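Data file: model.txt. Format and content: compact mmCIF, C-alpha atoms.
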```txt
# COMPACT_ATOMS: atom_id res chain seq x y z
CA MET A 1 -73.07 -58.49 38.09
CA ILE A 2 -69.99 -56.41 38.40
CA GLY A 3 -69.45 -55.08 41.85
CA GLU A 4 -68.27 -51.64 42.82
CA SER A 5 -64.85 -53.06 43.67
CA ASP A 6 -64.48 -54.40 40.11
CA VAL A 7 -65.42 -51.04 38.61
CA LEU A 8 -62.90 -49.28 40.82
CA PHE A 9 -60.21 -51.77 39.84
CA HIS A 10 -60.86 -51.22 36.11
CA ARG A 11 -60.72 -47.46 36.58
CA ILE A 12 -57.35 -47.75 38.33
CA ILE A 13 -56.00 -50.00 35.54
CA LYS A 14 -57.28 -47.58 32.89
CA THR A 15 -55.72 -44.58 34.65
CA LEU A 16 -52.36 -46.34 34.98
CA SER A 17 -52.47 -47.34 31.28
CA THR A 18 -53.27 -43.79 30.26
CA LYS A 19 -50.37 -42.39 32.33
CA LYS A 20 -48.05 -45.01 30.87
CA MET A 21 -49.08 -44.08 27.34
CA LYS A 22 -48.58 -40.37 28.07
CA SER A 23 -45.16 -41.12 29.53
CA LYS A 24 -44.17 -43.05 26.41
CA THR A 25 -45.50 -40.20 24.23
CA ARG A 26 -43.44 -37.64 26.16
CA LYS A 27 -40.32 -39.79 25.82
CA ALA A 28 -40.92 -40.16 22.08
CA GLU A 29 -41.41 -36.42 21.72
CA SER A 30 -38.26 -35.79 23.74
CA HIS A 31 -36.24 -38.13 21.50
CA LEU A 32 -37.69 -36.45 18.40
CA GLU A 33 -36.72 -33.00 19.71
CA MET A 34 -33.17 -34.21 20.36
CA ILE A 35 -32.93 -35.63 16.84
CA ILE A 36 -34.22 -32.36 15.32
CA SER A 37 -31.83 -30.25 17.44
CA PHE A 38 -28.87 -32.43 16.54
CA SER A 39 -29.81 -32.28 12.85
CA ILE A 40 -29.99 -28.47 12.98
CA PHE A 41 -26.58 -28.39 14.67
CA LEU A 42 -25.08 -30.62 11.96
CA ILE A 43 -26.59 -28.45 9.22
CA PHE A 44 -25.09 -25.34 10.90
CA LEU A 45 -21.64 -26.96 11.06
CA LEU A 46 -21.91 -28.01 7.42
CA PHE A 47 -22.81 -24.44 6.42
CA LEU A 48 -20.01 -22.98 8.53
CA PHE A 49 -17.26 -25.15 7.09
CA THR A 50 -18.60 -25.08 3.51
CA PHE A 51 -19.26 -21.38 3.02
CA MET A 52 -17.38 -19.59 5.79
CA ASN A 53 -14.60 -22.12 6.45
CA PRO A 54 -12.93 -20.57 9.53
CA VAL A 55 -9.88 -22.84 9.17
CA ARG A 56 -9.46 -22.38 5.43
CA LYS A 57 -5.83 -22.15 4.40
CA PRO A 58 -4.76 -18.94 2.59
CA ASP A 59 -4.84 -19.08 -1.19
CA LEU A 60 -1.29 -19.83 -2.36
CA SER A 61 -1.61 -17.35 -5.22
CA ASN A 62 -2.39 -14.53 -2.76
CA VAL A 63 0.66 -15.48 -0.73
CA LEU A 64 2.84 -15.31 -3.87
CA LEU A 65 1.38 -11.92 -4.81
CA ASP A 66 2.08 -10.66 -1.27
CA ILE A 67 5.72 -11.79 -1.54
CA VAL A 68 6.34 -9.82 -4.75
CA GLU A 69 4.43 -6.75 -3.57
CA LYS A 70 6.39 -6.66 -0.31
CA GLU A 71 9.72 -6.89 -2.13
CA MET A 72 8.70 -4.22 -4.63
CA LYS A 73 8.12 -1.82 -1.73
CA ASN A 74 11.89 -1.85 -1.23
CA SER A 75 11.97 0.34 -4.35
CA THR A 76 10.09 3.15 -2.60
CA ILE A 77 11.51 6.37 -1.18
CA SER A 78 10.15 8.92 1.29
CA LEU A 79 9.41 12.39 -0.02
CA LEU A 80 8.62 15.32 2.28
CA GLU A 81 6.56 18.01 0.58
CA MET A 82 6.65 21.54 2.07
CA PRO A 83 4.69 24.39 0.41
CA VAL A 84 5.87 27.96 1.06
CA VAL A 85 3.65 30.99 0.41
CA LEU A 86 5.16 34.47 -0.16
CA TYR A 87 3.25 37.58 0.89
CA GLU A 88 4.31 39.37 -2.29
CA PHE A 89 4.85 38.30 -5.87
CA PRO A 90 8.58 38.31 -6.66
CA SER A 91 9.64 39.90 -9.92
CA PRO A 92 10.40 37.49 -12.81
CA GLY A 93 14.11 36.85 -13.22
CA THR A 94 14.94 37.77 -9.61
CA CYS A 95 15.55 35.49 -6.65
CA PHE A 96 14.60 35.33 -3.01
CA SER A 97 15.90 33.59 0.11
CA ILE A 98 14.07 31.54 2.75
CA GLU A 99 15.22 29.49 5.72
CA CYS A 100 15.65 25.80 4.88
CA PRO A 101 12.87 23.87 6.70
CA PHE A 102 14.59 20.48 6.33
CA ASN A 103 17.04 18.82 8.69
CA LEU A 104 20.06 18.04 6.52
CA SER A 105 22.40 17.10 9.36
CA TYR A 106 22.48 13.43 8.41
CA VAL A 107 23.85 14.24 4.92
CA LEU A 108 27.51 13.84 5.82
CA SER A 109 29.03 13.86 2.35
CA GLY A 110 28.12 14.91 -1.16
CA ASP A 111 26.02 17.83 -2.27
CA LYS A 112 23.05 18.46 0.04
CA ARG A 113 21.24 20.12 -2.86
CA ASN A 114 20.87 16.71 -4.49
CA TYR A 115 18.34 15.71 -1.84
CA ILE A 116 16.07 18.66 -2.62
CA PHE A 117 14.09 20.00 -5.58
CA VAL A 118 11.74 22.97 -5.93
CA LYS A 119 8.64 23.49 -8.07
CA ASP A 120 6.53 26.58 -8.78
CA GLU A 121 2.76 26.98 -9.08
CA GLN A 122 2.88 25.60 -12.63
CA ASN A 123 4.60 22.43 -11.35
CA LYS A 124 7.81 23.39 -13.13
CA ASP A 125 11.22 22.80 -11.61
CA VAL A 126 13.01 26.01 -10.64
CA ALA A 127 16.69 26.68 -9.93
CA PHE A 128 17.81 27.01 -6.32
CA ASN A 129 20.90 26.95 -4.16
CA LEU A 130 21.81 26.31 -0.52
CA ILE A 131 23.68 28.95 1.47
CA GLU A 132 25.20 27.63 4.69
CA GLN A 133 26.08 30.13 7.42
CA GLY A 134 27.12 28.18 10.49
CA ASP A 135 24.11 26.17 11.66
CA LEU A 136 21.76 28.22 9.50
CA ILE A 137 20.94 27.07 5.95
CA ASN A 138 19.02 29.27 3.52
CA ILE A 139 17.48 28.24 0.22
CA THR A 140 17.80 30.80 -2.55
CA ILE A 141 15.16 30.32 -5.25
CA THR A 142 15.43 31.83 -8.71
CA VAL A 143 12.17 33.07 -10.22
CA PRO A 144 11.85 32.02 -13.90
CA SER A 145 11.94 34.98 -16.28
CA ASP A 146 8.55 34.07 -17.74
CA LEU A 147 6.71 33.61 -14.44
CA SER A 148 6.06 35.43 -11.20
CA SER A 149 4.78 32.98 -8.60
CA ARG A 150 3.76 33.49 -4.99
CA MET A 151 3.70 29.81 -4.00
CA TYR A 152 6.51 27.30 -4.30
CA THR A 153 6.81 23.72 -3.10
CA LEU A 154 9.99 22.33 -1.60
CA TYR A 155 10.62 18.59 -1.81
CA PHE A 156 13.08 16.68 0.34
CA SER A 157 13.91 13.04 -0.36
CA ASP A 158 15.71 10.33 1.61
CA ASP A 159 17.29 9.27 -1.69
CA GLU A 160 19.94 11.25 -3.54
CA PHE A 161 19.27 12.66 -7.00
CA SER A 162 21.96 12.81 -9.67
CA SER A 163 21.79 16.61 -9.95
CA SER A 164 19.75 19.73 -9.26
CA MET A 165 19.07 23.01 -11.03
CA LEU A 166 21.72 25.43 -9.77
CA GLY A 167 20.49 28.90 -8.88
CA SER A 168 22.06 32.07 -7.51
CA SER A 169 24.37 31.76 -4.51
CA SER A 170 23.20 35.02 -2.94
CA CYS A 171 19.81 36.74 -2.91
CA PRO A 172 18.09 39.47 -0.88
CA SER A 173 15.46 38.37 1.56
CA SER A 174 12.07 37.74 0.02
CA GLY A 175 10.34 39.49 2.89
CA GLN A 176 7.63 37.67 4.78
CA TYR A 177 6.59 34.11 3.98
CA ASN A 178 4.81 31.18 5.60
CA PHE A 179 5.35 27.46 5.37
CA SER A 180 2.17 25.48 4.81
CA THR A 181 1.32 22.02 6.22
CA PRO A 182 3.99 19.46 5.22
CA ARG A 183 3.07 16.10 3.74
CA LEU A 184 5.12 12.92 3.80
CA LYS A 185 4.61 10.58 0.85
CA LYS A 186 5.88 7.17 -0.18
CA LEU A 187 6.73 6.96 -3.86
CA TYR A 188 8.41 4.40 -6.06
CA SER A 189 11.81 5.40 -7.35
CA TYR A 190 12.00 5.21 -11.15
CA SER A 191 15.73 4.47 -10.99
CA LYS A 192 15.20 1.58 -8.54
CA LEU A 193 12.42 0.14 -10.70
CA LYS A 194 14.73 0.42 -13.67
CA ASP A 195 17.41 -1.55 -11.79
CA ILE A 196 14.91 -4.35 -11.11
CA ASN A 197 13.87 -4.32 -14.77
CA THR A 198 17.52 -4.63 -15.85
CA SER A 199 18.09 -7.46 -13.36
CA TYR A 200 15.00 -9.31 -14.59
CA TYR A 201 16.37 -9.59 -18.14
CA SER A 202 20.07 -9.95 -17.38
CA ASN A 203 21.80 -13.33 -17.60
CA GLY A 204 20.70 -15.24 -14.51
CA GLY A 205 19.05 -12.10 -13.19
CA TYR A 206 15.53 -13.52 -12.94
CA ASP A 207 16.72 -16.50 -10.89
CA GLY A 208 18.64 -14.07 -8.73
CA LEU A 209 15.51 -12.00 -8.20
CA LYS A 210 13.57 -15.11 -7.18
CA LYS A 211 16.19 -15.88 -4.56
CA ARG A 212 16.26 -12.26 -3.40
CA PHE A 213 12.48 -12.22 -3.12
CA ASN A 214 12.45 -15.66 -1.41
CA PHE A 215 10.05 -16.71 -4.13
CA PRO A 216 9.35 -20.47 -4.57
CA GLU A 217 11.39 -22.05 -7.37
CA SER A 218 8.37 -23.99 -8.64
CA ASN A 219 6.44 -20.78 -9.35
CA ASP A 220 7.04 -17.72 -11.51
CA PHE A 221 6.08 -14.05 -11.56
CA ALA A 222 5.87 -11.06 -13.87
CA ILE A 223 5.92 -7.35 -13.00
CA TYR A 224 4.49 -4.47 -15.01
CA VAL A 225 4.75 -0.74 -14.32
CA ARG A 226 2.18 0.58 -16.75
CA TYR A 227 3.69 2.50 -19.70
CA TYR A 228 7.26 2.15 -18.38
CA PHE A 229 8.45 -1.37 -17.49
CA GLU A 230 7.36 -4.81 -18.63
CA MET A 231 9.02 -7.71 -16.82
CA SER A 232 7.07 -10.56 -18.37
CA GLY A 233 7.88 -14.24 -18.09
CA ILE A 234 6.63 -17.16 -20.21
CA LYS A 235 3.18 -17.90 -18.91
CA PRO A 236 1.86 -21.50 -18.96
CA GLU A 237 -0.53 -22.49 -21.75
CA LYS A 238 -2.70 -24.17 -19.17
CA GLY A 239 -3.26 -23.20 -15.59
CA ILE A 240 -4.33 -20.12 -13.72
CA VAL A 241 -2.45 -16.81 -13.69
CA LYS A 242 -3.34 -14.62 -10.71
CA ALA A 243 -2.87 -10.85 -10.91
CA ARG A 244 -2.98 -7.80 -8.62
CA GLU A 245 -2.99 -4.17 -9.77
CA ILE A 246 -1.96 -1.40 -7.37
CA PRO A 247 -2.15 2.37 -8.00
CA ILE A 248 1.26 3.93 -7.30
CA GLU A 249 3.20 7.17 -7.72
CA VAL A 250 6.67 7.13 -9.25
CA LEU A 251 9.33 9.80 -8.83
CA LYS A 252 11.19 10.06 -12.13
CA GLU A 253 14.32 12.12 -12.65
CA GLU A 254 15.29 13.13 -16.17
CA GLY A 255 18.12 15.60 -16.37
CA ASN A 256 17.42 18.31 -13.82
CA GLN A 257 13.66 17.77 -14.03
CA LYS A 258 11.74 15.75 -11.44
CA GLN A 259 8.33 14.26 -12.23
CA ILE A 260 5.80 12.63 -9.93
CA ILE A 261 3.91 10.17 -12.14
CA LYS A 262 0.67 8.40 -11.25
CA THR A 263 0.54 4.92 -12.71
CA TYR A 264 -0.17 1.26 -11.81
CA LEU A 265 1.95 -1.63 -10.59
CA ASN A 266 0.64 -4.93 -11.95
CA ILE A 267 1.92 -8.21 -10.43
CA GLN A 268 1.18 -11.63 -11.93
CA VAL A 269 2.02 -15.06 -10.49
CA TRP A 270 1.53 -18.63 -11.70
```
Please rewrite the model in this file as structure tokens.
Amino acid sequence: MIGESDVLFHRIIKTLSTKKMKSKTRKAESHLEMIISFSIFLIFLLFLFTFMNPVRKPDLSNVLLDIVEKEMKNSTISLLEMPVVLYEFPSPGTCFSIECPFNLSYVLSGDKRNYIFVKDEQNKDVAFNLIEQGDLINITITVPSDLSSRMYTLYFSDDEFSSSMLGSSSCPSSGQYNFSTPRLKKLYSYSKLKDINTSYYSNGGYDGLKKRFNFPESNDFAIYVRYYFEMSGIKPEKGIVKAREIPIEVLKEEGNQKQIIKTYLNIQVW
């Protein structure tokens, strides 16, 4: 017969075995949790570097497009736009005088008028003149014979025009007027774009442009100003040509007329 002491001994052995098994189970579960956590971490890293790639190098084609776009911005000019509203309609064929709102002190030589042009409500260029009386400068504006306008827009550029429409050198005061809110714009100069276009096709001009732009010798570029300039190189039969199209405004001077043209600058690199 088994005594009470033997029964107690077997119970102690069974309890110790059970605790040992539970301890092993906990350790196994702990190892499994570590393996699962580490696997999830590896999957996260794989996703991060595959799809988001925080250390991805910039696309070379975008760098080349940036180079050309930055250099093309050297062909821009600043244009200050200042509307003036008259309290009364001037009579067609007459003229009126207003105080010049622009600071022309930095124009040390040449004709100050060639930094200014004036348009009426119909966006037509009108004749004007500058009358200097000491530190005071007045703008005399001639009203076209076929139009009586109460609002005119004065434009002042940091680039000199070849000429301006010459108006009367003396006019009575127009009476009361107000200047409206000025606007400063950045526009591309048609003449500067034309110079780049000429350089592109001149003998050795394209290579000179590449050096001026600090553009890599092993790559090439083309520039298009829609409807006006096409500076196209010989594109490769195979390979990728990357392009970027940017909406721009171009200030074009033709004779005494000034036009602000909305168009697109298209840059291609390969």
Determine, for each residue of region 44-115 of chain A having at least one atom at most 10 Å from an atom of region 194-210 of chain A, the closest pair of atoms and their separation in Å to one decimal, counting only C-alpha atoms; order by chain and ascending number, as a tab-separated table.
```
residue	atom	partner	partner_atom	distance
A:Val68	CA	A:Lys210	CA	9.3
A:Glu71	CA	A:Leu209	CA	9.8
A:Met72	CA	A:Ile196	CA	9.0
A:Ser75	CA	A:Ile196	CA	8.7
```
_One decimal, in Å: what's the spacing between CA of Pro236 (chain A) and CA of Ile67 (chain A)?_
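Result for CA of Pro236 (chain A) versus CA of Ile67 (chain A): 20.3 Å, one decimal.
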*asked:* I'd like the contact shell of Lys124 (chain A) - 9 Å cut-off, only C-alpha atoms, skipping same-chain residues fewer than 5 positions apart - returned as a ChimeraX atom specification.
replied: /A:118-119,257-258
*Between CA of Glu81 (chain A) and CA of Asp158 (chain A), distance in Å (one decimal)*: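 These atoms are spaced 12.0 Å apart.
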*Gln133 (chain A) surroundings by all atoms listed in the file, 12 Å radius, close-in-sequence under 5 positions cut, as a list in words*: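 Counting all atoms listed in the file, the residues come to Glu99, Cys100, Asn138, Ile139 and Ser170 of chain A.
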_As an exercise, work out the distance from CA of Tyr264 (chain A) to CA of Ser180 (chain A) in Å and give it to one decimal place._
29.5 Å
_At a cut-off of 7 Å, using all atoms listed in the file, what residues contact Ser168 (chain A)? Leave out same-chain residues fewer than 5 positions from it and give the result as a PyMOL selection string._
chain A and resi 128-129+140+142
*Quick one: everything within 10 Å of Gln122 (chain A), counting all atoms listed in the file, minus sequence neighbours fewer than 5 positions away in the same chain. Send it as a list of chain:residue names.*
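That gives A:Leu147, A:Ser149, A:Met151, A:Tyr152.
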_Minimum-distance residue to Gly233 (chain A), chosen among A:Ala127, A:Ile267, A:Leu251, A:Ile246 (using all atoms listed in the file)_ =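 The shortest atom-to-atom distance to Gly233 (chain A) comes from A:Ile267.
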*asked:* Which residues are close to Asp125 (chain A), i.e. within 12 Å by all atoms listed in the file, leaving aside same-chain residues fewer than 5 positions away? Reply as a ChimeraX atom specification.
replied: /A:116-120,141-144,152-155,164-167,253-260
_Distance cut-off 9 Å, centre (18.9, 14.3, -4.3) in file coordinates, counting only C-alpha atoms: which residues qualify? Return them as an MDAnalysis selection string._
chainID A and resid 111:117 156:164
*Place a sphere of radius 8 Å on (11.5, 4.3, -9.0) in the file coordinates and name every protein, DNA or RNA residue with an atom inside or on its surface, counting only C-alpha atoms; give the answer as a PyMOL selection string.*
chain A and resi 75-76+187-194+250-252
